[in-house]
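Below is one structure, written out as structure tokens, with a few remarks after it.
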Amino acid sequence: MNPMNVIIIGAGTAGCEAAYRLAKAGFTVELVEKECTPGGNLNNWFQLFPDRKQASALRQLLQQQVEHPSIRLHTDTVPVKIERQDARHYAMELDNGARLEGNALLVTTGFRTFDASRKEEYGYGIYENVITSVELENYFANRQILTSTGKRPERIGLIQCVGSRDEKMCNFHCSKVCCITAVKQAMELRELLPDAEILCFYMDMRMFGPGYEEMYREAQEKYNIKFVRGRLSEASENQAKQVVVKCEDTLVGKPMRMTLDLMVLMVGMEASDGSRWVAKELQLPLAPNGFIQPGDPHYATNRTAVEGVFVAGCATSPMNLTDTLTDARSAALAIGEFLNGNEHYN
Amino acid sequence: MNLEAKQQIWKEYQKEIADDRYYYARSCIRQTFFPGSEWAYLDILGNRLGKTVFDDPRHTTCTGIGYHSDVVPVETIMTVVARHFALMTEAGFENITPSCITSFGIYTEILHTWQEHPEIEEQTHEYLWKATRREFKKPKNLAHTSDVIYKFRHEIAAQKKHALVDVHTGRPLRVVDHIGCHYAKMFPSKGIGGAEFPAVLSGMVTAWGGEPVDYPERRHCCGFGFRNYLVLANRGYSIANSKKKFESMQPYEPDFIITNCPGCAMFLDKWQYTISEMEGTTYGKDGYGIPVLTYEEAAALVLGYDPWEIGLQMHQVSVEPLLEKMGIAYDPDAKYRNARGEDMGRPACPNYLKV
Amino acid sequence: MNNIWGFTISSARVIDYDKNDRSFAQYMTDTVPSSQLCIGCGGCTATCTAGALTDFNIRKLQMLVKRGENREAGEQMHKCMLCGKCLLVCPRGVDTRRMIFAMLKYIDNQKL
């Protein structure tokens with residue numbers, strides 16, 4: 001008898017990890033990826049929190065795993081049609097003409113970073129020295145931080161909650177990882193720019209993961225990173241192409257203004273276009289934040305409202321890498337139980 | 001500063017502006033402080049662009065100043081506005097174009113309120129009927145008069161006699177735009193270009209050959225704020241807001257400020273005198289102030305109107321340096337003569353601000 | 001200058017971080033490194049003996065110094081009764097008592 005086959009949409013962290021676990025459990029996997037290489041958003045990162053590991057190390061590991069003989073990787077392609085014949089039979093058409101068949105479907109379409117230009121008052125795309133956290137990772141990869149005028153920045157501001165916890169942007173949710181990303185990036189900046197003044201503008205410091213609060217403390221104590229509690233209200237550009245920002249220092253209770261040489265927007269997470277497309281195609285309910293709604297917030301985190309369709313990673317909500325990997329393994333387990341007919345939970 | 005990204009934003013904030021047949025709603029204070037602006041608007045629309053504008057003598061204040069000063073209740077202002085709509089309806093017009101930013105904000109807010117709460121609109125119909133025996137229809141199109149000038153900016157440019165250019169050097173004039181708060185801050189989607197990077201005035205400036213200047217306090221309020229300015233004790237922080245703007249724009253050496261709000265035009269102009277008297281500071285070149293023009297005045301200068309015909313002698317900050325830059329001929333002796341050629345007398349000279 | 005208006009131009013309340021003198025803040029960081037660890041929880045202020053009776057707010061005080069609002073900080077500092085209760089409460093181990101001593105010393109030297 002042929003082994004049962006699982007179709008996975010999205011070869012980011014969750015997709016790769018789940019594919020490998022399913023392959024090891026004896027299933028075959030069709031792994032579909034829109035980019036030409038697997039890795040997803042991980043490909044844009046330089047170092048990871050909390051241990052400052054090179055992102056490339058994890059990326060290489062995931063890429064090696066998907067070389068497993070039971071995994072067929074389809075890159076540079078997206079599904080154009082998904083047919084669900086019944087809970088255990090799926091057919092998927094790809095835009096390259098291929099047709100895949102499977103006995104279960106796993107959605108690992110991940111997230112997209114918030115388009116910072118939507119936050120008009122911060123002037124991203126208009127002001128020269130406003131960049132996003134994703135672009136800063138690229139600066140780190142090149143080991144060079146310069147302003148648009150070729151100057152070493154003397155004061156840098158990292159702005160948290162850009163596109164998160166913001167009703168005006170239709171994003172009520174917290175993107176979870178931006179706080180710790182800001183701490184990590186502030187520390188990396190300090191290493192490259194020992195004399196610069198580095199400030200994080202935050203609403204709350206949500207240090208939810210192991211080692212995160214410790215990292216925050218280290219950033220304050222050893223890296224001399226300054227933290228300002230207050231959400232930026234607006235930014236503008238002066239004649240020297242610096243960014244003039246306004247916020248309230250809510251711990252002082254007064255408005256504050258200052259000039260930054262470089263402003264980094266910690267862009268939040270939103271449901272990816274792929275997630276939205278798959279949800280529509282399969283009629284998967286969405287949570288109010290636009291991510292795919294899991295079957296149950298405790299017992300059925302990898303199931304969806306449609307039997308046989310599973311979900312893992314940031315397609316369901318913002319997650320860090322640790323949780324994404326764990327969630328992917330959990331999804332592999334749930335799919336295994338489903339296909340072997342020994343499910344424990346409905 | 002990357003203009004393309006701004007243009008992307010502007011694309012998202014476009015609004016429908018009627019093409020012709022406007023019911024005109026005048027401002028309470030503009031005819032006192034900038035008496036030529038509304039006249040110039042009517043003349044440009046009627047005689048230069050061939051549009052029909054109905055300037056209704058029965059139209060009154062919208063009571064916005066009273067509303068924003070907590071002396072006029074919201075039910076009252078809605079009824080007064082309903083009367084404006086009734087007058088428009090009776091005159092056979094459907095497009096209302098207020099000259100005042102506060103009125104524009106009030107109309108927008110009221111129409112939005114009625115849309116969300118039809119029962120309040122119903123109640124207003126009743127109030128208006130009881131008070132005046134009038135019926136009203138809501139306007140099909142609401143646009144501020146600066147929206148209308150924006151819509152026809154290229155037509156105006158096609159008829160221009162003077163560009164916003166320094167004729168001696170060929171340099172485009174640097175123009176600071178100041179948008180009234182109630183134009184787009186309450187309802188960004190109702191303003192051309194939105195609230196953060198409004199294009200309504202900068203679009204005119206660009207079309208007429210000038211260079212809009214974006215400076216750090218561009219979005220900041222002029223400090224008018226109705227209840228703030230009206231109470232003497234609060235004027236200190238009203239003026240402080242304008243001062244903050246002048247300090248922020250001064251390094252860019254703007255040739256003039258263009259505004260679309262009655263209060264802003266008045267404050268940005270008159271406060272320059274007050275600040276100079278209080279602190280000895282002036283913000284223009286060689287002791288002059290930075291001239292402040294309404295968009296109608298700017299359009300009229302571009303179209304070749306005589307500066308004194310459009311009332312520029314009523315400005316506190318002298319416009320002569322600007323006229324000279326633009327190569328506009330003017331008769332210095334005619335400045336203080338009225339329409340009959342009689343001498344109106346001259347204001348006393350400020351101590352610090354050069355005029 | 002003449003003023004016939006009956007009002008004067010208000011000075012801005014905004015913290016002008018670019019212009020403020022932050023040497024006091026630097027002094028505090030250098031002499032009491034643990035002051036950097038404050039997370040603004042307010043435990044110190046909640047338990048403060050002086051704060052119970054006056055508008056003294058030790059959490060806000062150290063933040064004013066960090067932002068260079070030295071004059072306002074200088075006006076408040078002497079209200080501290082140096083009882084040390086804040087020291088017991090602080091979850092981040094900020095040496096608040098030493099911080100106050102350092103501030104007082106700086107203020108005396110600078111005649112702020």
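Note on naming: chains are A, B, ... as they come in the structure tokens, residues start from 1 per chain, ligands start from 1 in the order shown.
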Could you pull the residues within 9 Å of Ala50 of chain C, counting only C-alpha atoms, minus those fewer than 6 positions along the same chain, as a count of residues only?
6
Residues of chain C at most 8 Å from chain B: nearest atom pair and distance in Å, only C-alpha atoms, as JSON lines:
{"residue": "C:Met1", "atom": "CA", "partner": "B:Met278", "partner_atom": "CA", "distance": 5.5}
{"residue": "C:Asn2", "atom": "CA", "partner": "B:Met278", "partner_atom": "CA", "distance": 5.8}
{"residue": "C:Asn3", "atom": "CA", "partner": "B:Met278", "partner_atom": "CA", "distance": 5.7}
{"residue": "C:Gly6", "atom": "CA", "partner": "B:Leu232", "partner_atom": "CA", "distance": 7.5}
{"residue": "C:Phe7", "atom": "CA", "partner": "B:Gly236", "partner_atom": "CA", "distance": 5.7}
{"residue": "C:Thr8", "atom": "CA", "partner": "B:Gly236", "partner_atom": "CA", "distance": 5.2}
{"residue": "C:Ile9", "atom": "CA", "partner": "B:Gly236", "partner_atom": "CA", "distance": 4.4}
{"residue": "C:Ser10", "atom": "CA", "partner": "B:Gly236", "partner_atom": "CA", "distance": 4.9}
{"residue": "C:Ser11", "atom": "CA", "partner": "B:Ala240", "partner_atom": "CA", "distance": 7.1}
{"residue": "C:Ala12", "atom": "CA", "partner": "B:Ala240", "partner_atom": "CA", "distance": 7.5}
Tell me the residues of chain A close to chain B, meaning within 8 Å using only C-alpha atoms, as a PyMOL selection string.
chain A and resi 120-121+125-128+235-239+241+244
Kindly provide, as JSON, numbers by chain, the residues of chain C having any atom no farther than 6 Å from an atom of chain A, counting only C-alpha atoms.
{"C": [14, 15, 16, 17, 18, 36, 37, 60]}
Which of segment 1-238 of chain A DSSP labels helix (DSSP H, G or I), written as an NGL selection string:
:A and (13-24 or 40-44 or 55-65 or 116-118 or 120-122 or 133-141 or 167-169 or 178-192 or 212-221)
May I have the residues within 10 Å of Asp296 of chain A as number ranges by chain, using only C-alpha atoms and disregarding those fewer than 6 positions away in the same chain?
A: 302-305, 346
List the neighbours of Ile71 of chain A out to 10 Å using only C-alpha atoms; skip same-chain residues closer than 2 positions along the sequence, and give me the result as a PyMOL selection string.
chain A and resi 5-7+16+19-20+22-24+27-31+65-69+73-74
For N, CA, C and O atoms, I'd like the residues from the last selection saved as an mmCIF file, in the first residue's frame.
data_model
loop_
_atom_site.group_PDB
_atom_site.id
_atom_site.type_symbol
_atom_site.label_atom_id
_atom_site.label_comp_id
_atom_site.auth_asym_id
_atom_site.auth_seq_id
_atom_site.Cartn_x
_atom_site.Cartn_y
_atom_site.Cartn_z
ATOM 1 N N ASN A 5 -0.344 10.621 1.845
ATOM 2 C CA ASN A 5 0.365 11.823 1.407
ATOM 3 C C ASN A 5 -0.255 13.077 2.028
ATOM 4 O O ASN A 5 -1.477 13.194 2.101
ATOM 5 N N VAL A 6 0.607 13.977 2.459
ATOM 6 C CA VAL A 6 0.134 15.243 3.050
ATOM 7 C C VAL A 6 0.608 16.401 2.172
ATOM 8 O O VAL A 6 1.781 16.447 1.792
ATOM 9 N N ILE A 7 -0.314 17.284 1.847
ATOM 10 C CA ILE A 7 0.078 18.495 1.103
ATOM 11 C C ILE A 7 0.274 19.631 2.095
ATOM 12 O O ILE A 7 -0.600 19.888 2.933
ATOM 13 N N CYS A 16 8.436 23.567 6.804
ATOM 14 C CA CYS A 16 9.618 22.699 6.692
ATOM 15 C C CYS A 16 9.683 21.714 7.858
ATOM 16 O O CYS A 16 9.944 20.528 7.681
ATOM 17 N N ALA A 19 6.907 19.131 7.616
ATOM 18 C CA ALA A 19 7.187 18.206 6.511
ATOM 19 C C ALA A 19 8.179 17.138 6.954
ATOM 20 O O ALA A 19 7.996 15.935 6.724
ATOM 21 N N TYR A 20 9.215 17.599 7.649
ATOM 22 C CA TYR A 20 10.264 16.677 8.079
ATOM 23 C C TYR A 20 9.716 15.677 9.088
ATOM 24 O O TYR A 20 9.982 14.469 9.002
ATOM 25 N N LEU A 22 6.610 14.707 9.498
ATOM 26 C CA LEU A 22 5.668 13.788 8.830
ATOM 27 C C LEU A 22 6.428 12.753 8.016
ATOM 28 O O LEU A 22 6.089 11.569 8.018
ATOM 29 N N ALA A 23 7.488 13.205 7.338
ATOM 30 C CA ALA A 23 8.296 12.288 6.534
ATOM 31 C C ALA A 23 8.927 11.225 7.425
ATOM 32 O O ALA A 23 8.945 10.033 7.093
ATOM 33 N N LYS A 24 9.427 11.689 8.593
ATOM 34 C CA LYS A 24 10.040 10.734 9.514
ATOM 35 C C LYS A 24 9.021 9.740 10.059
ATOM 36 O O LYS A 24 9.360 8.618 10.430
ATOM 37 N N PHE A 27 5.054 9.269 6.317
ATOM 38 C CA PHE A 27 4.160 9.824 5.300
ATOM 39 C C PHE A 27 4.983 10.431 4.169
ATOM 40 O O PHE A 27 6.170 10.716 4.337
ATOM 41 N N THR A 28 4.344 10.610 3.031
ATOM 42 C CA THR A 28 5.004 11.390 1.983
ATOM 43 C C THR A 28 4.402 12.791 2.011
ATOM 44 O O THR A 28 3.259 12.978 2.436
ATOM 45 N N VAL A 29 5.204 13.752 1.572
ATOM 46 C CA VAL A 29 4.797 15.152 1.697
ATOM 47 C C VAL A 29 5.005 15.886 0.377
ATOM 48 O O VAL A 29 6.050 15.742 -0.272
ATOM 49 N N GLU A 30 3.983 16.651 -0.026
ATOM 50 C CA GLU A 30 4.133 17.595 -1.138
ATOM 51 C C GLU A 30 4.233 18.970 -0.492
ATOM 52 O O GLU A 30 3.274 19.432 0.140
ATOM 53 N N LEU A 31 5.373 19.616 -0.607
ATOM 54 C CA LEU A 31 5.595 20.896 0.068
ATOM 55 C C LEU A 31 5.650 22.004 -0.983
ATOM 56 O O LEU A 31 6.529 22.015 -1.841
ATOM 57 N N GLN A 65 16.631 19.336 6.193
ATOM 58 C CA GLN A 65 15.548 18.420 6.559
ATOM 59 C C GLN A 65 14.595 18.166 5.397
ATOM 60 O O GLN A 65 14.152 17.040 5.188
ATOM 61 N N VAL A 66 14.304 19.240 4.647
ATOM 62 C CA VAL A 66 13.330 19.025 3.569
ATOM 63 C C VAL A 66 13.938 18.308 2.361
ATOM 64 O O VAL A 66 13.237 18.046 1.390
ATOM 65 N N GLU A 67 15.232 17.972 2.473
ATOM 66 C CA GLU A 67 15.826 17.130 1.428
ATOM 67 C C GLU A 67 15.493 15.654 1.646
ATOM 68 O O GLU A 67 15.928 14.779 0.899
ATOM 69 N N HIS A 68 14.756 15.354 2.687
ATOM 70 C CA HIS A 68 14.315 13.981 2.998
ATOM 71 C C HIS A 68 13.651 13.365 1.755
ATOM 72 O O HIS A 68 12.878 14.034 1.069
ATOM 73 N N PRO A 69 13.971 12.093 1.436
ATOM 74 C CA PRO A 69 13.443 11.494 0.199
ATOM 75 C C PRO A 69 11.914 11.435 0.121
ATOM 76 O O PRO A 69 11.359 11.364 -0.983
ATOM 77 N N LEU A 73 9.546 18.897 -2.861
ATOM 78 C CA LEU A 73 9.449 20.352 -2.703
ATOM 79 C C LEU A 73 9.108 20.986 -4.050
ATOM 80 O O LEU A 73 9.771 20.732 -5.052
ATOM 81 N N HIS A 74 8.039 21.771 -4.069
ATOM 82 C CA HIS A 74 7.657 22.492 -5.292
ATOM 83 C C HIS A 74 7.881 23.979 -5.017
ATOM 84 O O HIS A 74 7.107 24.582 -4.291
#
May I ask for the distance between atom CA of Tyr150 of chain B and atom CA of Arg83 of chain B, given in Å to one decimal place?
27.7 Å
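As for atom CA of Pro297 of chain A and atom CA of Leu325 of chain A, they are spaced 17.6 Å apart.
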If you run DSSP on this backbone, which residues of segment 117-165 of chain A come out as strand (DSSP E), and could you give them as a PyMOL selection string?
chain A and resi 130-132+155-162
Would you mind listing what lies within 12 Å of Lys105 of chain C as a PDB file with C-alpha atoms, in the first residue's frame, with only C-alpha atoms counted and same-chain residues fewer than 6 positions away left out?
ATOM      1  CA  PHE C  24      23.114  64.947  35.243  1.00  0.00           C
ATOM      2  CA  TYR C  27      26.358  61.293  36.261  1.00  0.00           C
ATOM      3  CA  MET C  28      23.515  59.223  37.700  1.00  0.00           C
ATOM      4  CA  THR C  31      27.579  56.649  39.932  1.00  0.00           C
ATOM      5  CA  GLY C  74      15.956  69.643  41.525  1.00  0.00           C
ATOM      6  CA  MET C  77      14.624  65.981  45.406  1.00  0.00           C
ATOM      7  CA  HIS C  78      14.831  67.371  48.914  1.00  0.00           C
ATOM      8  CA  ARG C  98      22.051  55.763  46.799  1.00  0.00           C
ATOM      9  CA  MET C  99      20.451  57.297  43.767  1.00  0.00           C
ATOM     10  CA  LYS C 111      23.706  74.612  42.369  1.00  0.00           C
ATOM     11  CA  LEU C 112      20.730  73.500  40.327  1.00  0.00           C
TER      12      LEU C 112
END
